[in-house]
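Pasting run-v3.txt here (compact mmCIF, C-alpha atoms and all ligand atoms):
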# COMPACT_ATOMS: atom_id res chain seq x y z
CA MET A 361 0.00 0.00 0.00
CA ALA A 362 1.28 3.44 -0.92
CA GLU A 363 1.77 5.50 2.19
CA ASN A 364 0.70 9.12 2.10
CA LYS A 365 2.09 11.62 4.63
CA LYS A 366 0.23 14.87 4.47
CA LYS A 367 -0.09 18.08 6.42
CA PHE A 368 -3.68 19.17 7.05
CA ASN A 369 -5.01 22.32 8.64
CA LEU A 370 -7.16 20.84 11.40
CA GLU A 371 -7.52 23.79 13.77
CA CYS A 372 -11.04 25.17 14.07
CA VAL A 373 -10.76 27.52 17.09
CA GLN A 374 -9.28 31.04 17.22
CA ARG A 375 -5.54 31.08 17.97
CA GLY A 376 -4.81 32.02 21.56
CA PHE A 377 -8.04 30.57 23.00
CA ALA A 378 -7.54 27.87 25.66
CA ASN A 379 -8.92 25.26 23.25
CA GLY A 380 -6.97 26.65 20.30
CA VAL A 381 -3.24 26.71 19.61
CA ALA A 382 -0.91 29.42 20.95
CA PRO A 383 -0.42 32.52 18.74
CA ASN A 384 3.17 31.41 17.97
CA PHE A 385 2.27 27.74 17.41
CA PRO A 386 4.30 25.57 17.05
CA LEU A 387 6.82 26.75 19.65
CA THR A 388 10.53 25.98 19.49
CA ASP A 389 12.21 24.38 22.55
CA LYS A 390 13.69 27.79 23.37
CA GLN A 391 10.29 29.48 23.23
CA LYS A 392 8.87 26.77 25.52
CA GLU A 393 11.69 27.32 28.04
CA LYS A 394 10.96 31.05 28.04
CA MET A 395 7.25 30.42 28.52
CA ILE A 396 7.97 28.02 31.43
CA ASP A 397 10.15 30.70 33.11
CA LYS A 398 7.40 33.33 32.75
CA ALA A 399 4.64 30.99 33.95
CA THR A 400 6.80 29.86 36.91
CA LYS A 401 7.08 33.44 38.16
CA ALA A 402 3.37 34.07 37.64
CA TYR A 403 2.35 30.89 39.48
CA GLY A 404 4.57 31.87 42.41
CA LYS A 405 2.58 35.13 42.60
CA PHE A 406 -0.68 33.18 42.42
CA LEU A 407 0.44 31.11 45.46
CA ASP A 408 1.46 34.33 47.23
CA ALA A 409 -2.08 35.61 46.72
CA LEU A 410 -3.36 32.42 48.34
CA GLU A 411 -1.03 33.09 51.32
CA CYS A 412 0.97 29.92 50.75
CA ASP A 413 4.56 30.17 52.03
CA TRP A 414 5.78 28.04 49.11
CA ARG A 415 9.34 29.43 49.22
CA ASN A 416 10.01 27.89 52.65
CA ASP A 417 7.87 24.77 52.32
CA PRO A 418 10.18 21.93 51.17
CA ASN A 419 7.27 20.27 49.35
CA SER A 420 6.24 23.42 47.52
CA ASN A 421 9.39 25.44 46.81
CA ASP A 422 9.71 24.08 43.27
CA THR A 423 5.96 23.81 42.68
CA PRO A 424 5.58 26.92 40.47
CA ARG A 425 8.08 25.42 38.00
CA ARG A 426 6.48 21.97 38.22
CA VAL A 427 3.07 23.44 37.40
CA ALA A 428 4.44 25.57 34.55
CA LYS A 429 6.23 22.56 33.03
CA ALA A 430 3.14 20.37 33.36
CA TYR A 431 1.04 22.91 31.42
CA VAL A 432 3.56 23.46 28.62
CA ASN A 433 4.79 19.88 28.20
CA ASP A 434 1.74 17.80 29.14
CA LEU A 435 -1.62 19.32 30.07
CA TRP A 436 -1.63 21.94 27.27
CA ALA A 437 0.98 20.34 24.99
CA GLY A 438 -1.45 20.42 22.02
CA ARG A 439 -1.35 24.25 22.11
CA TYR A 440 2.44 24.37 21.72
CA THR A 441 3.70 21.21 20.02
CA ASP A 442 2.62 20.12 16.53
CA MET A 443 1.44 16.64 15.63
CA SER A 444 3.63 14.52 13.39
CA PRO A 445 2.31 14.35 9.80
CA ILE A 446 -0.74 12.13 9.41
CA THR A 447 -0.24 8.91 7.49
CA SER A 448 -3.06 7.60 5.32
CA PHE A 449 -3.24 4.62 2.98
CA PRO A 450 -5.46 3.60 0.04
CA SER A 451 -8.31 1.45 1.35
CA ASP A 452 -7.66 -1.23 -1.33
CA GLY A 453 -11.34 -2.02 -1.75
CA TYR A 454 -12.23 -2.27 1.96
CA ASP A 455 -15.69 -0.73 2.29
CA GLY A 456 -16.68 -1.73 5.83
CA ILE A 457 -16.73 0.30 8.99
CA VAL A 458 -13.41 1.09 10.75
CA ILE A 459 -13.68 1.53 14.52
CA GLU A 460 -11.08 2.34 17.12
CA ARG A 461 -12.57 2.35 20.58
CA ASN A 462 -11.30 3.20 24.06
CA ILE A 463 -8.66 5.73 22.96
CA PRO A 464 -7.54 7.23 26.30
CA LEU A 465 -8.39 10.88 26.79
CA THR A 466 -6.76 13.29 29.24
CA SER A 467 -7.86 16.88 28.95
CA MET A 468 -8.61 19.97 31.01
CA CYS A 469 -11.85 21.89 31.34
CA SER A 470 -11.48 25.44 29.99
CA HIS A 471 -13.92 26.77 32.58
CA HIS A 472 -12.29 25.54 35.81
CA HIS A 473 -8.85 24.20 34.83
CA GLN A 474 -9.65 20.83 36.37
CA THR A 475 -8.69 17.66 34.52
CA ILE A 476 -11.03 15.59 32.38
CA GLY A 477 -10.44 11.84 31.94
CA GLY A 478 -12.18 9.34 29.72
CA VAL A 479 -12.19 7.55 26.40
CA VAL A 480 -12.87 8.41 22.78
CA HIS A 481 -14.45 6.03 20.27
CA VAL A 482 -13.89 6.72 16.57
CA GLY A 483 -15.71 5.17 13.63
CA TYR A 484 -15.61 5.95 9.92
CA ILE A 485 -16.45 4.45 6.54
CA VAL A 486 -14.09 4.90 3.62
CA GLY A 487 -15.57 6.05 0.31
CA GLU A 488 -14.62 4.83 -3.15
CA ASN A 489 -10.91 5.53 -3.77
CA GLY A 490 -10.82 6.81 -0.20
CA LYS A 491 -8.11 6.68 2.41
CA VAL A 492 -7.75 4.79 5.66
CA ILE A 493 -5.81 6.49 8.43
CA GLY A 494 -2.79 4.88 10.12
CA LEU A 495 -4.38 3.51 13.32
CA SER A 496 -2.13 5.20 15.88
CA LYS A 497 -2.82 8.53 14.14
CA LEU A 498 -6.34 8.47 15.56
CA ASN A 499 -4.73 8.31 19.02
CA ARG A 500 -2.47 11.23 18.01
CA VAL A 501 -5.50 13.29 16.96
CA VAL A 502 -7.15 12.67 20.36
CA GLU A 503 -3.90 13.65 22.15
CA HIS A 504 -3.49 16.80 20.05
CA PHE A 505 -6.97 18.17 20.74
CA GLY A 506 -7.30 16.73 24.25
CA ARG A 507 -4.03 18.23 25.51
CA ARG A 508 -5.34 21.77 25.87
CA GLY A 509 -8.30 23.55 27.40
CA ALA A 510 -11.54 21.85 26.44
CA ILE A 511 -15.28 22.03 26.42
CA GLN A 512 -16.33 18.42 25.81
CA GLU A 513 -18.89 19.30 23.15
CA GLN A 514 -16.35 21.36 21.18
CA LEU A 515 -13.61 18.74 21.71
CA THR A 516 -15.92 16.11 20.18
CA SER A 517 -16.46 18.40 17.16
CA ALA A 518 -12.72 19.13 16.82
CA ILE A 519 -11.84 15.42 16.75
CA HIS A 520 -14.68 14.80 14.29
CA ASN A 521 -13.51 17.63 12.04
CA ALA A 522 -9.93 16.29 12.09
CA VAL A 523 -10.89 12.69 11.20
CA ASN A 524 -13.36 13.93 8.58
CA THR A 525 -10.65 16.08 6.96
CA ILE A 526 -7.86 13.48 7.05
CA CYS A 527 -10.04 10.60 5.86
CA GLU A 528 -10.65 12.07 2.41
CA ASN A 529 -13.81 10.97 0.52
CA ASN A 530 -15.27 9.23 3.58
CA LEU A 531 -18.95 8.25 3.69
CA GLY A 532 -19.32 9.14 7.34
CA VAL A 533 -17.47 9.77 10.60
CA ILE A 534 -18.76 9.23 14.15
CA ILE A 535 -17.04 10.25 17.38
CA THR A 536 -18.24 9.42 20.89
CA VAL A 537 -16.50 10.88 23.94
CA VAL A 538 -17.21 9.46 27.42
CA ALA A 539 -15.54 11.47 30.17
CA THR A 540 -15.66 12.42 33.82
CA HIS A 541 -14.88 15.98 34.80
CA ASN A 542 -13.02 16.79 38.01
CA CYS A 543 -14.75 20.18 38.08
CA VAL A 544 -17.95 18.21 38.79
CA SER A 545 -16.44 15.68 41.20
CA CYS A 546 -14.03 17.92 43.20
CA ARG A 547 -15.75 21.30 43.35
CA GLY A 548 -19.22 22.77 43.04
CA VAL A 549 -21.74 19.92 43.26
CA LYS A 550 -18.92 17.42 44.16
CA HIS A 551 -20.53 14.39 42.53
CA ARG A 552 -18.16 11.51 41.75
CA GLY A 553 -18.72 9.11 38.85
CA ALA A 554 -21.06 11.22 36.72
CA ALA A 555 -19.94 10.73 33.12
CA MET A 556 -20.67 12.97 30.17
CA VAL A 557 -21.32 11.33 26.80
CA THR A 558 -21.16 13.35 23.57
CA THR A 559 -21.51 12.10 20.00
CA LYS A 560 -20.88 13.90 16.72
CA ALA A 561 -21.86 12.06 13.57
CA SER A 562 -21.82 12.85 9.86
CA GLY A 563 -22.65 11.11 6.58
CA VAL A 564 -24.17 7.65 6.94
CA PHE A 565 -23.90 7.79 10.77
CA ARG A 566 -26.14 10.78 11.05
CA HIS A 567 -29.59 9.17 11.22
CA SER A 568 -30.74 7.06 14.16
CA GLY A 569 -31.68 3.55 13.09
CA ASN A 570 -28.99 3.57 10.41
CA ASP A 571 -27.14 0.19 10.21
CA ALA A 572 -23.64 1.70 10.42
CA ARG A 573 -24.60 3.79 13.44
CA GLN A 574 -26.08 0.67 15.12
CA GLU A 575 -22.94 -1.34 14.32
CA PHE A 576 -20.78 1.39 15.87
CA PHE A 577 -22.75 1.54 19.14
CA ASN A 578 -23.11 -2.27 19.32
CA SER A 579 -19.35 -2.72 18.92
CA LEU A 580 -18.74 -0.43 21.91
CA LYS A 581 -20.73 -2.79 24.13
CA ILE A 582 -18.65 -5.89 23.28
CA ASN A 583 -15.81 -6.65 25.74
CA ASN A 584 -15.57 -2.99 26.34
CA GLY A 585 -13.31 -3.05 29.37
CA GLY A 586 -16.07 -1.73 31.59
CA HIS A 587 -16.51 1.50 29.66
CA GLN A 588 -20.22 1.88 29.17
CA ILE A 589 -21.68 4.31 26.74
ZN ZN A 601 -15.39 22.67 34.36
Would you write the structure of this file as structure tokens?
Amino acid sequence: MAENKKKFNLECVQRGFANGVAPNFPLTDKQKEKMIDKATKAYGKFLDALECDWRNDPNSNDTPRRVAKAYVNDLWAGRYTDMSPITSFPSDGYDGIVIERNIPLTSMCSHHHQTIGGVVHVGYIVGENGKVIGLSKLNRVVEHFGRRGAIQEQLTSAIHNAVNTICENNLGVIITVVATHNCVSCRGVKHRGAAMVTTKASGVFRHSGNDARQEFFNSLKINNGGHQI
């Protein structure tokens, strides 16, 4: 199969927003170091405002830097670091549904800056002369859009838009996100275990009762590692 590495423009949110990329995206290592230094100082001031004596507390005296590094390198990495080029292949006559389920999701709610954890299920159907996506690239897409500020509904749309764009000439794409939000479990109402389920569907998956849509949801129930949808 002929491999195709291509660069797509997959961003659909204004640059600079928490769920968009940084204005200078993608950042060089030097730019990231500078950002970490600035954010370290600012987080120290934030702790000062909370009357935390972090400078003299042996457990906290490097915390501003730890937090700054976690944002730039992990929690918000999708805002600063680009994805590797997406690989797609000719479908070679395969016209069935392709599903990858239980892709791990770690994200952060844009409203409260609390983490979001869950899974993403992706399904699509290749059109005639269409392309299938290298499997791990679906995981990369979830990482890229998850590792930044998020509103689950918009995150679901962003992943859908990316798969729909990369998988050229598809007949339909469906994305289901199942996630728990620490802003619900740790603050405010403080309810543990409540999960939010969002689905964005296009093409043949759009209408309830459609065979492909049924096949997608049925497949999520089989040996699903305890993740219910
Ligand atoms: Zn929240």
Inset, instruction - Please write out the residues within 12 Å of ligand ZN 601 (chain A) as a PyMOL selection string, counting all atoms listed in the file. - result: chain A and resi 467-476+509-512+539-550+556
Inset, instruction - Tell me which of A:Val486, A:Leu465, A:Ala437, A:Ala378 sits closest to Phe449 in chain A, counting only C-alpha atoms. - result: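 Ranking A:Val486, A:Leu465, A:Ala437, A:Ala378 by distance to Phe449 in chain A, first place goes to A:Val486.
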Inset, instruction - May I ask which of the residues A:Ile534, A:Ile396, A:Val564, A:Ala518 is the closest one to Gly380 in chain A, counting all atoms listed in the file? - result: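 Among A:Ile534, A:Ile396, A:Val564, A:Ala518, it is A:Ala518 that comes nearest to Gly380 in chain A.
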Contact check, range 363-442 of chain A to range 491-503 of chain A, at most 12 Å, counting all atoms listed in the file, closest pairs as a Markdown table:
| residue | atom | partner | partner_atom | distance |
| --- | --- | --- | --- | --- |
| A:Glu363 | CA | A:Gly494 | CA | 9.2 |
| A:Asn364 | CA | A:Lys491 | CA | 9.1 |
| A:Lys365 | CA | A:Gly494 | CA | 10.0 |
| A:Lys366 | CA | A:Ile493 | CA | 11.1 |
| A:Phe368 | CA | A:Val501 | CA | 11.7 |
| A:Leu370 | CA | A:Val501 | CA | 9.5 |
| A:Glu371 | CA | A:Val501 | CA | 11.2 |
| A:Asp434 | CA | A:Glu503 | CA | 9.9 |
| A:Leu435 | CA | A:Glu503 | CA | 10.0 |
| A:Trp436 | CA | A:Glu503 | CA | 10.0 |
| A:Ala437 | CA | A:Glu503 | CA | 8.8 |
| A:Gly438 | CA | A:Glu503 | CA | 7.2 |
| A:Arg439 | CA | A:Glu503 | CA | 10.9 |
| A:Thr441 | CA | A:Glu503 | CA | 10.9 |
| A:Asp442 | CA | A:Arg500 | CA | 10.4 |
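As for CA of Thr559 in chain A and CA of Val538 in chain A, they are spaced 9.0 Å apart.
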Can you fill out range 375-399 of chain A with N, CA and C atoms and hand it back as an mmCIF file, in the coordinates of the input?
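Wrote it out as selection04.cif, contents follow:
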data_model
loop_
_atom_site.group_PDB
_atom_site.id
_atom_site.type_symbol
_atom_site.label_atom_id
_atom_site.label_comp_id
_atom_site.auth_asym_id
_atom_site.auth_seq_id
_atom_site.Cartn_x
_atom_site.Cartn_y
_atom_site.Cartn_z
ATOM 1 N N ARG A 375 -6.852 31.152 17.319
ATOM 2 C CA ARG A 375 -5.540 31.080 17.970
ATOM 3 C C ARG A 375 -5.530 31.873 19.265
ATOM 4 N N GLY A 376 -4.905 31.312 20.293
ATOM 5 C CA GLY A 376 -4.810 32.020 21.560
ATOM 6 C C GLY A 376 -5.876 31.575 22.555
ATOM 7 N N PHE A 377 -7.029 31.082 22.073
ATOM 8 C CA PHE A 377 -8.040 30.570 23.000
ATOM 9 C C PHE A 377 -7.483 29.334 23.701
ATOM 10 N N ALA A 378 -8.044 29.029 24.900
ATOM 11 C CA ALA A 378 -7.540 27.870 25.660
ATOM 12 C C ALA A 378 -7.676 26.580 24.860
ATOM 13 N N ASN A 379 -8.733 26.471 24.061
ATOM 14 C CA ASN A 379 -8.920 25.260 23.250
ATOM 15 C C ASN A 379 -8.396 25.407 21.827
ATOM 16 N N GLY A 380 -7.654 26.477 21.585
ATOM 17 C CA GLY A 380 -6.970 26.650 20.300
ATOM 18 C C GLY A 380 -5.462 26.552 20.519
ATOM 19 N N VAL A 381 -4.699 26.746 19.444
ATOM 20 C CA VAL A 381 -3.240 26.710 19.610
ATOM 21 C C VAL A 381 -2.739 28.102 20.025
ATOM 22 N N ALA A 382 -1.507 28.153 20.543
ATOM 23 C CA ALA A 382 -0.910 29.420 20.950
ATOM 24 C C ALA A 382 -0.664 30.297 19.725
ATOM 25 N N PRO A 383 -0.635 31.638 19.896
ATOM 26 C CA PRO A 383 -0.420 32.520 18.740
ATOM 27 C C PRO A 383 0.848 32.175 17.963
ATOM 28 N N ASN A 384 1.902 31.727 18.656
ATOM 29 C CA ASN A 384 3.170 31.410 17.970
ATOM 30 C C ASN A 384 3.320 29.931 17.647
ATOM 31 N N PHE A 385 2.229 29.185 17.659
ATOM 32 C CA PHE A 385 2.270 27.740 17.410
ATOM 33 C C PHE A 385 2.904 27.412 16.066
ATOM 34 N N PRO A 386 3.735 26.380 15.968
ATOM 35 C CA PRO A 386 4.300 25.570 17.050
ATOM 36 C C PRO A 386 5.518 26.262 17.658
ATOM 37 N N LEU A 387 5.712 26.090 18.957
ATOM 38 C CA LEU A 387 6.820 26.750 19.650
ATOM 39 C C LEU A 387 8.109 25.937 19.517
ATOM 40 N N THR A 388 9.239 26.654 19.457
ATOM 41 C CA THR A 388 10.530 25.980 19.490
ATOM 42 C C THR A 388 10.827 25.608 20.962
ATOM 43 N N ASP A 389 11.833 24.755 21.178
ATOM 44 C CA ASP A 389 12.210 24.380 22.550
ATOM 45 C C ASP A 389 12.591 25.618 23.359
ATOM 46 N N LYS A 390 13.264 26.556 22.686
ATOM 47 C CA LYS A 390 13.690 27.790 23.370
ATOM 48 C C LYS A 390 12.476 28.619 23.787
ATOM 49 N N GLN A 391 11.514 28.727 22.901
ATOM 50 C CA GLN A 391 10.290 29.480 23.230
ATOM 51 C C GLN A 391 9.532 28.817 24.382
ATOM 52 N N LYS A 392 9.543 27.484 24.415
ATOM 53 C CA LYS A 392 8.870 26.770 25.520
ATOM 54 C C LYS A 392 9.577 27.053 26.840
ATOM 55 N N GLU A 393 10.924 27.038 26.813
ATOM 56 C CA GLU A 393 11.690 27.320 28.040
ATOM 57 C C GLU A 393 11.363 28.710 28.577
ATOM 58 N N LYS A 394 11.282 29.671 27.658
ATOM 59 C CA LYS A 394 10.960 31.050 28.040
ATOM 60 C C LYS A 394 9.567 31.132 28.647
ATOM 61 N N MET A 395 8.629 30.426 28.019
ATOM 62 C CA MET A 395 7.250 30.420 28.520
ATOM 63 C C MET A 395 7.199 29.791 29.916
ATOM 64 N N ILE A 396 7.944 28.697 30.121
ATOM 65 C CA ILE A 396 7.970 28.020 31.430
ATOM 66 C C ILE A 396 8.519 28.979 32.495
ATOM 67 N N ASP A 397 9.579 29.727 32.148
ATOM 68 C CA ASP A 397 10.150 30.700 33.110
ATOM 69 C C ASP A 397 9.106 31.751 33.494
ATOM 70 N N LYS A 398 8.411 32.294 32.494
ATOM 71 C CA LYS A 398 7.400 33.330 32.750
ATOM 72 C C LYS A 398 6.253 32.783 33.594
ATOM 73 N N ALA A 399 5.782 31.596 33.238
ATOM 74 C CA ALA A 399 4.640 30.990 33.950
ATOM 75 C C ALA A 399 5.029 30.596 35.372
#
